[in-house]
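The file protein_37.cif comes next; it holds mmCIF, C-alpha atoms.
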```
data_target
loop_
_atom_site.label_atom_id
_atom_site.label_comp_id
_atom_site.auth_asym_id
_atom_site.auth_seq_id
_atom_site.Cartn_x
_atom_site.Cartn_y
_atom_site.Cartn_z
CA MET A 157 15.18 -2.03 -5.35
CA ASN A 158 16.09 1.07 -7.31
CA ALA A 159 16.64 4.33 -5.41
CA THR A 160 14.94 6.21 -8.26
CA VAL A 161 11.71 4.28 -7.68
CA ALA A 162 11.87 5.11 -3.97
CA ALA A 163 12.47 8.79 -4.80
CA TRP A 164 9.45 8.90 -7.10
CA SER A 165 7.34 7.14 -4.49
CA ALA A 166 8.46 9.70 -1.91
CA ALA A 167 7.54 12.54 -4.28
CA VAL A 168 4.07 11.06 -4.80
CA THR A 169 3.69 10.74 -1.02
CA LEU A 170 4.53 14.41 -0.54
CA ALA A 171 2.20 15.50 -3.35
CA VAL A 172 -0.88 13.59 -2.24
CA THR A 173 -0.32 14.25 1.45
CA GLY A 174 0.12 17.95 0.78
CA ALA A 175 -3.00 17.99 -1.37
CA ILE A 176 -5.24 16.32 1.23
CA THR A 177 -3.79 18.48 4.00
CA GLY A 178 -4.78 21.51 1.95
CA VAL A 179 -8.31 20.21 1.42
CA TYR A 180 -8.88 19.66 5.13
CA TYR A 181 -7.23 22.97 6.04
CA ALA A 182 -9.33 24.91 3.52
CA PHE A 183 -12.53 23.40 4.89
CA SER A 184 -11.65 24.33 8.47
CA VAL A 185 -10.49 27.88 7.80
CA ALA A 186 -12.66 28.97 4.86
CA VAL A 187 -15.46 26.66 3.73
CA MET A 188 -17.07 25.97 7.08
CA PRO A 189 -16.75 29.56 8.37
CA GLY A 190 -18.23 30.72 5.07
CA LEU A 191 -21.15 28.32 5.38
CA ASN A 192 -21.61 29.33 9.02
CA ALA A 193 -22.09 32.91 7.86
CA ALA A 194 -24.95 31.88 5.56
CA ASP A 195 -28.45 31.06 6.74
CA ALA A 196 -28.73 27.51 8.05
CA GLY A 197 -30.93 26.17 5.24
CA THR A 198 -28.50 27.45 2.61
CA ALA A 199 -25.55 26.02 4.55
CA ILE A 200 -27.21 22.59 4.77
CA ARG A 201 -28.02 22.57 1.05
CA ALA A 202 -24.51 23.73 0.13
CA MET A 203 -22.73 21.23 2.37
CA THR A 204 -24.90 18.39 1.09
CA SER A 205 -24.01 19.38 -2.47
CA ILE A 206 -20.30 19.57 -1.61
CA ASN A 207 -20.41 16.17 0.09
CA ARG A 208 -21.96 14.57 -2.97
CA ARG A 209 -19.55 16.15 -5.44
CA ILE A 210 -16.34 15.63 -3.50
CA GLN A 211 -16.75 11.90 -4.07
CA ASN A 212 -14.81 11.83 -7.33
CA PRO A 213 -11.70 10.04 -8.62
CA LEU A 214 -9.31 12.93 -8.02
CA PHE A 215 -10.42 13.31 -4.42
CA PHE A 216 -10.15 9.55 -3.86
CA VAL A 217 -6.54 9.60 -5.12
CA THR A 218 -5.69 12.30 -2.59
CA PHE A 219 -7.67 10.60 0.18
CA PHE A 220 -6.23 7.07 -0.20
CA GLY A 221 -2.89 8.24 -1.61
CA PRO A 222 -1.07 9.24 1.58
CA LEU A 223 -1.76 5.91 3.25
CA VAL A 224 -0.72 3.84 0.24
CA ALA A 225 2.19 5.97 -0.97
CA ALA A 226 3.77 6.51 2.46
CA THR A 227 3.56 2.78 3.22
CA VAL A 228 5.05 1.81 -0.15
CA THR A 229 7.80 4.41 0.20
CA GLY A 230 8.60 3.26 3.73
CA VAL A 231 8.94 -0.35 2.57
CA PHE A 232 11.09 0.68 -0.43
CA LEU A 233 13.41 2.65 1.84
CA LEU A 234 13.70 -0.19 4.32
CA ILE A 235 14.65 -2.53 1.46
CA LEU A 236 17.32 0.01 0.43
CA GLY A 237 18.71 0.00 3.98
CA LYS A 238 17.45 3.50 4.80
CA ARG A 239 15.96 2.45 8.13
CA SER A 240 15.35 5.87 9.68
CA ALA A 241 13.81 7.29 6.52
CA GLY A 242 11.70 4.18 5.99
CA ALA A 243 10.47 4.29 9.58
CA LEU A 244 9.47 7.94 9.18
CA PHE A 245 7.39 7.15 6.10
CA LEU A 246 5.71 4.28 7.93
CA MET A 247 5.03 6.62 10.86
CA ALA A 248 3.57 9.13 8.39
CA ALA A 249 1.23 6.40 7.12
CA ALA A 250 0.24 5.44 10.68
CA VAL A 251 -0.47 9.04 11.71
CA TYR A 252 -2.55 9.59 8.58
CA LEU A 253 -4.44 6.33 9.17
CA ALA A 254 -5.24 7.09 12.82
CA GLY A 255 -5.78 10.84 12.57
CA ALA A 256 -7.29 11.40 9.12
CA PHE A 257 -8.41 8.20 7.40
CA ILE A 258 -10.25 6.55 10.30
CA PRO A 259 -11.99 9.76 11.48
CA THR A 260 -13.14 10.38 7.91
CA VAL A 261 -14.65 6.92 7.57
CA ALA A 262 -15.96 6.61 11.13
CA ILE A 263 -17.10 10.17 11.88
CA ASN A 264 -17.16 12.78 9.10
CA VAL A 265 -18.68 10.62 6.34
CA PRO A 266 -21.46 9.26 8.59
CA MET A 267 -22.20 12.82 9.72
CA ASN A 268 -22.45 13.81 6.05
CA GLY A 269 -24.85 10.97 5.40
CA ASN A 270 -27.00 11.95 8.37
CA LEU A 271 -27.13 15.58 7.20
CA ASP A 272 -28.10 14.48 3.70
CA ALA A 273 -30.79 12.11 5.00
CA ALA A 274 -32.28 14.76 7.30
CA GLY A 275 -32.63 17.34 4.53
CA VAL A 276 -33.37 20.98 5.24
CA PRO A 277 -35.91 21.42 8.04
CA THR A 278 -38.87 23.64 7.12
CA ASP A 279 -38.70 25.35 10.51
CA PRO A 280 -35.86 27.91 10.36
CA ALA A 281 -35.10 27.50 14.07
CA GLU A 282 -34.74 23.73 13.61
CA ALA A 283 -32.48 24.32 10.60
CA VAL A 284 -30.26 26.54 12.78
CA ARG A 285 -30.13 23.82 15.45
CA VAL A 286 -29.31 21.07 12.93
CA TRP A 287 -26.62 23.12 11.21
CA ALA A 288 -25.00 24.35 14.43
CA SER A 289 -24.80 20.82 15.81
CA TYR A 290 -23.40 19.43 12.57
CA SER A 291 -21.00 22.26 11.79
CA SER A 292 -19.26 22.46 15.15
CA ALA A 293 -18.64 18.71 15.50
CA TRP A 294 -17.80 18.21 11.81
CA THR A 295 -15.34 21.13 11.79
CA TRP A 296 -13.64 19.95 14.98
CA TRP A 297 -13.07 16.48 13.51
CA ASN A 298 -12.03 18.00 10.18
CA SER A 299 -9.42 20.06 12.01
CA VAL A 300 -8.13 16.85 13.60
CA ARG A 301 -7.83 15.42 10.09
CA ALA A 302 -5.98 18.53 8.92
CA GLY A 303 -3.56 18.38 11.85
CA ALA A 304 -2.88 14.66 11.41
CA SER A 305 -2.36 15.14 7.67
CA LEU A 306 0.08 17.98 8.33
CA ILE A 307 2.03 15.86 10.82
CA SER A 308 2.09 13.05 8.26
CA LEU A 309 3.40 15.49 5.64
CA LEU A 310 6.12 16.70 8.00
CA LEU A 311 7.16 13.13 8.83
CA ALA A 312 7.36 12.29 5.13
CA GLY A 313 9.38 15.44 4.49
CA LEU A 314 11.83 14.47 7.21
CA GLY A 315 11.93 10.99 5.68
CA VAL A 316 12.89 12.52 2.34
CA TYR A 317 15.67 14.46 4.05
CA LEU A 318 16.98 11.40 5.86
CA SER A 319 16.75 9.24 2.75
CA GLY A 320 19.52 11.40 1.29
CA THR A 321 21.82 10.58 4.19
CA SER A 322 23.52 7.28 4.95
CA ARG A 323 21.01 6.24 7.63
#
```
In structure tokens, what does this structure look like?
Amino acid sequence: MNATVAAWSAAVTLAVTGAITGVYYAFSVAVMPGLNAADAGTAIRAMTSINRRIQNPLFFVTFFGPLVAATVTGVFLLILGKRSAGALFLMAAAVYLAGAFIPTVAINVPMNGNLDAAGVPTDPAEAVRVWASYSSAWTWWNSVRAGASLISLLLAGLGVYLSGTSR
């Protein structure tokens, strides 16, 4: 195993984990508060549009990337005898899996599908109820994803640091 390959793999891990952390963070601190400030019907239409368009190849690279790249990097580093660094990358993958990947698949995406299927209620009061229920739960879980992604990024960063030492 070549140390250069491990270094490139680590760089990819940092890039995709940083990118997805930024996506989740931006949704929690800007997109959702911005949609909450709009009328409920507009917010539902906008979020439905976002949910449809975010499903694209670039997003999928950043969504699956941290799990794959951190795991591959961890294995590479273990092969190179960098046990502490390798373990940190594997922990980064595990944190991302448990705190970002699984909640996305099990909670946020199904919520998106339910919002899309429901459409925009014709009664404005019902639209407010639907949006408020969706937005608060979705944003909470999105913030969990952001936090887990950030922890994963920090673990990978520490792994990069330790990979340069003799451990």
The PyMOL selection byres ((chain A and resi 291) around 12) resolved against shown file, as a ChimeraX atom specification
/A:183-184,187-193,196,199-200,203,264,267-268,271,283-290,292-299
Would you please work out which residue, of A:Leu310, A:Ala162, A:Val172, A:Leu233, is nearest to Gly221 of chain A when using only C-alpha atoms?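 Nearest candidate to Gly221 of chain A out of A:Leu310, A:Ala162, A:Val172, A:Leu233: A:Val172.
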Residues picked by the PyMOL selection byres ((chain A and resi 161) around 12) here, as an MDAnalysis selection string?
chainID A and resid 157:160 162:168 225 228:233 235:236
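Between atom CA of Ile258 of chain A and atom CA of Ile206 of chain A lies a distance of 20.3 Å.
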Atom CA of Ala302 of chain A to atom CA of Arg239 of chain A measures 27.2 Å
At what distance in Å, to one decimal, does atom CA of Ala171 of chain A lie from atom CA of Leu214 of chain A?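 Atom-to-atom, atom CA of Leu214 of chain A and atom CA of Ala171 of chain A are spaced 12.7 Å apart.
The smallest atom-to-atom distance between Leu314 of chain A and any of A:Ala281, A:Leu170, A:Leu234, A:Ile210, using only C-alpha atoms, is found for A:Leu170.
The shortest atom-to-atom distance to Thr169 of chain A, with all atoms listed in the file taken into account, belongs to A:Pro222 out of A:Gly269, A:Pro213, A:Pro222, A:Gly237.
A search radius of 6 Å centred on (15.7, 10.4, 0.8), applied to only C-alpha atoms, returns the residues Val316, Tyr317, Leu318, Ser319 and Gly320 of chain A.
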- Applied to this file, what does the PyMOL selection byres ((chain A and resi 251-256) around 8) return in terms of residues, put as an NGL selection string? :A and (222-223 or 247-250 or 257-260 or 300-305 or 307-308)
Take the residues from that selection and write them out as an mmCIF file, in the frame of the given file, keeping C-alpha atoms.
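See out06.cif below for the written result:
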```
data_model
loop_
_atom_site.group_PDB
_atom_site.id
_atom_site.type_symbol
_atom_site.label_atom_id
_atom_site.label_comp_id
_atom_site.auth_asym_id
_atom_site.auth_seq_id
_atom_site.Cartn_x
_atom_site.Cartn_y
_atom_site.Cartn_z
ATOM 1 C CA PRO A 222 -1.070 9.240 1.580
ATOM 2 C CA LEU A 223 -1.760 5.910 3.250
ATOM 3 C CA MET A 247 5.030 6.620 10.860
ATOM 4 C CA ALA A 248 3.570 9.130 8.390
ATOM 5 C CA ALA A 249 1.230 6.400 7.120
ATOM 6 C CA ALA A 250 0.240 5.440 10.680
ATOM 7 C CA PHE A 257 -8.410 8.200 7.400
ATOM 8 C CA ILE A 258 -10.250 6.550 10.300
ATOM 9 C CA PRO A 259 -11.990 9.760 11.480
ATOM 10 C CA THR A 260 -13.140 10.380 7.910
ATOM 11 C CA VAL A 300 -8.130 16.850 13.600
ATOM 12 C CA ARG A 301 -7.830 15.420 10.090
ATOM 13 C CA ALA A 302 -5.980 18.530 8.920
ATOM 14 C CA GLY A 303 -3.560 18.380 11.850
ATOM 15 C CA ALA A 304 -2.880 14.660 11.410
ATOM 16 C CA SER A 305 -2.360 15.140 7.670
ATOM 17 C CA ILE A 307 2.030 15.860 10.820
ATOM 18 C CA SER A 308 2.090 13.050 8.260
#
```
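Among A:Leu309, A:Tyr180, A:Thr321, A:Ala274, the residue with the shortest atom-to-atom distance to Ala226 of chain A, counting all atoms listed in the file, is A:Leu309.
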>> Around the point (-33.3, 22.3, 5.1) (coordinates from the file), which residues reach within 7 Å if we count all atoms listed in the file? Answer as a VMD selection string.
In response: chain A and resid 197 200 to 201 275 to 278 283
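Distances from A:Ala273, A:Ala312, A:Val179, A:Leu306 to Thr204 of chain A were compared using only C-alpha atoms, and the smallest one belongs to A:Ala273.
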- A:Ser240, A:Phe215, A:Gly315, A:Pro280 ranked by distance to Thr198 of chain A, top pick (using all atoms listed in the file):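 Nearest to Thr198 of chain A: A:Pro280.
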Using the partial input, fill out segment 261-272 of chain A with all heavy atoms; write the result as an mmCIF file, in the coordinates of the input.
```
data_model
loop_
_atom_site.group_PDB
_atom_site.id
_atom_site.type_symbol
_atom_site.label_atom_id
_atom_site.label_comp_id
_atom_site.auth_asym_id
_atom_site.auth_seq_id
_atom_site.Cartn_x
_atom_site.Cartn_y
_atom_site.Cartn_z
ATOM 1 N N VAL A 261 -13.751 8.051 7.786
ATOM 2 C CA VAL A 261 -14.650 6.920 7.570
ATOM 3 C C VAL A 261 -15.627 6.734 8.728
ATOM 4 O O VAL A 261 -16.808 6.460 8.510
ATOM 5 C CB VAL A 261 -13.821 5.635 7.325
ATOM 6 C CG1 VAL A 261 -14.700 4.410 7.262
ATOM 7 C CG2 VAL A 261 -13.001 5.775 6.039
ATOM 8 N N ALA A 262 -15.144 6.915 9.955
ATOM 9 C CA ALA A 262 -15.960 6.610 11.130
ATOM 10 C C ALA A 262 -16.808 7.786 11.619
ATOM 11 O O ALA A 262 -17.830 7.564 12.271
ATOM 12 C CB ALA A 262 -15.065 6.132 12.271
ATOM 13 N N ILE A 263 -16.407 9.018 11.299
ATOM 14 C CA ILE A 263 -17.100 10.170 11.880
ATOM 15 C C ILE A 263 -17.629 11.132 10.810
ATOM 16 O O ILE A 263 -18.831 11.353 10.717
ATOM 17 C CB ILE A 263 -16.185 10.918 12.881
ATOM 18 C CG1 ILE A 263 -15.802 9.959 14.023
ATOM 19 C CG2 ILE A 263 -16.858 12.173 13.413
ATOM 20 C CD1 ILE A 263 -14.660 10.420 14.868
ATOM 21 N N ASN A 264 -16.732 11.729 10.027
ATOM 22 C CA ASN A 264 -17.160 12.780 9.100
ATOM 23 C C ASN A 264 -18.114 12.275 8.019
ATOM 24 O O ASN A 264 -19.139 12.904 7.753
ATOM 25 C CB ASN A 264 -15.955 13.483 8.479
ATOM 26 C CG ASN A 264 -15.217 14.324 9.489
ATOM 27 O OD1 ASN A 264 -14.392 13.804 10.234
ATOM 28 N ND2 ASN A 264 -15.506 15.609 9.548
ATOM 29 N N VAL A 265 -17.799 11.134 7.390
ATOM 30 C CA VAL A 265 -18.680 10.620 6.340
ATOM 31 C C VAL A 265 -20.048 10.226 6.895
ATOM 32 O O VAL A 265 -21.072 10.594 6.301
ATOM 33 C CB VAL A 265 -18.001 9.479 5.549
ATOM 34 C CG1 VAL A 265 -18.993 8.773 4.649
ATOM 35 C CG2 VAL A 265 -16.837 10.039 4.721
ATOM 36 N N PRO A 266 -20.126 9.524 8.030
ATOM 37 C CA PRO A 266 -21.460 9.260 8.590
ATOM 38 C C PRO A 266 -22.227 10.542 8.946
ATOM 39 O O PRO A 266 -23.443 10.604 8.748
ATOM 40 C CB PRO A 266 -21.172 8.421 9.843
ATOM 41 C CG PRO A 266 -19.885 7.727 9.526
ATOM 42 C CD PRO A 266 -19.093 8.735 8.734
ATOM 43 N N MET A 267 -21.532 11.549 9.442
ATOM 44 C CA MET A 267 -22.200 12.820 9.720
ATOM 45 C C MET A 267 -22.755 13.418 8.426
ATOM 46 O O MET A 267 -23.866 13.964 8.413
ATOM 47 C CB MET A 267 -21.238 13.817 10.384
ATOM 48 C CG MET A 267 -20.905 13.494 11.824
ATOM 49 S SD MET A 267 -19.798 14.738 12.543
ATOM 50 C CE MET A 267 -20.955 16.094 12.733
ATOM 51 N N ASN A 268 -21.985 13.315 7.342
ATOM 52 C CA ASN A 268 -22.450 13.810 6.050
ATOM 53 C C ASN A 268 -23.704 13.074 5.598
ATOM 54 O O ASN A 268 -24.660 13.683 5.106
ATOM 55 C CB ASN A 268 -21.361 13.661 4.987
ATOM 56 C CG ASN A 268 -20.148 14.519 5.259
ATOM 57 O OD1 ASN A 268 -20.183 15.456 6.049
ATOM 58 N ND2 ASN A 268 -19.051 14.181 4.619
ATOM 59 N N GLY A 269 -23.689 11.763 5.767
ATOM 60 C CA GLY A 269 -24.850 10.970 5.400
ATOM 61 C C GLY A 269 -26.084 11.329 6.215
ATOM 62 O O GLY A 269 -27.194 11.426 5.670
ATOM 63 N N ASN A 270 -25.885 11.560 7.504
ATOM 64 C CA ASN A 270 -27.000 11.950 8.370
ATOM 65 C C ASN A 270 -27.557 13.319 7.966
ATOM 66 O O ASN A 270 -28.776 13.526 7.963
ATOM 67 C CB ASN A 270 -26.582 11.971 9.835
ATOM 68 C CG ASN A 270 -26.290 10.590 10.369
ATOM 69 O OD1 ASN A 270 -26.728 9.585 9.813
ATOM 70 N ND2 ASN A 270 -25.527 10.525 11.452
ATOM 71 N N LEU A 271 -26.670 14.253 7.624
ATOM 72 C CA LEU A 271 -27.130 15.580 7.200
ATOM 73 C C LEU A 271 -27.921 15.469 5.898
ATOM 74 O O LEU A 271 -28.986 16.076 5.758
ATOM 75 C CB LEU A 271 -25.928 16.517 7.000
ATOM 76 C CG LEU A 271 -26.262 17.968 6.661
ATOM 77 C CD1 LEU A 271 -26.902 18.664 7.868
ATOM 78 C CD2 LEU A 271 -25.001 18.715 6.230
ATOM 79 N N ASP A 272 -27.417 14.674 4.975
ATOM 80 C CA ASP A 272 -28.100 14.480 3.700
ATOM 81 C C ASP A 272 -29.472 13.833 3.919
ATOM 82 O O ASP A 272 -30.474 14.273 3.336
ATOM 83 C CB ASP A 272 -27.242 13.613 2.790
ATOM 84 C CG ASP A 272 -27.763 13.534 1.362
ATOM 85 O OD1 ASP A 272 -28.520 14.427 0.931
ATOM 86 O OD2 ASP A 272 -27.410 12.562 0.667
#
```
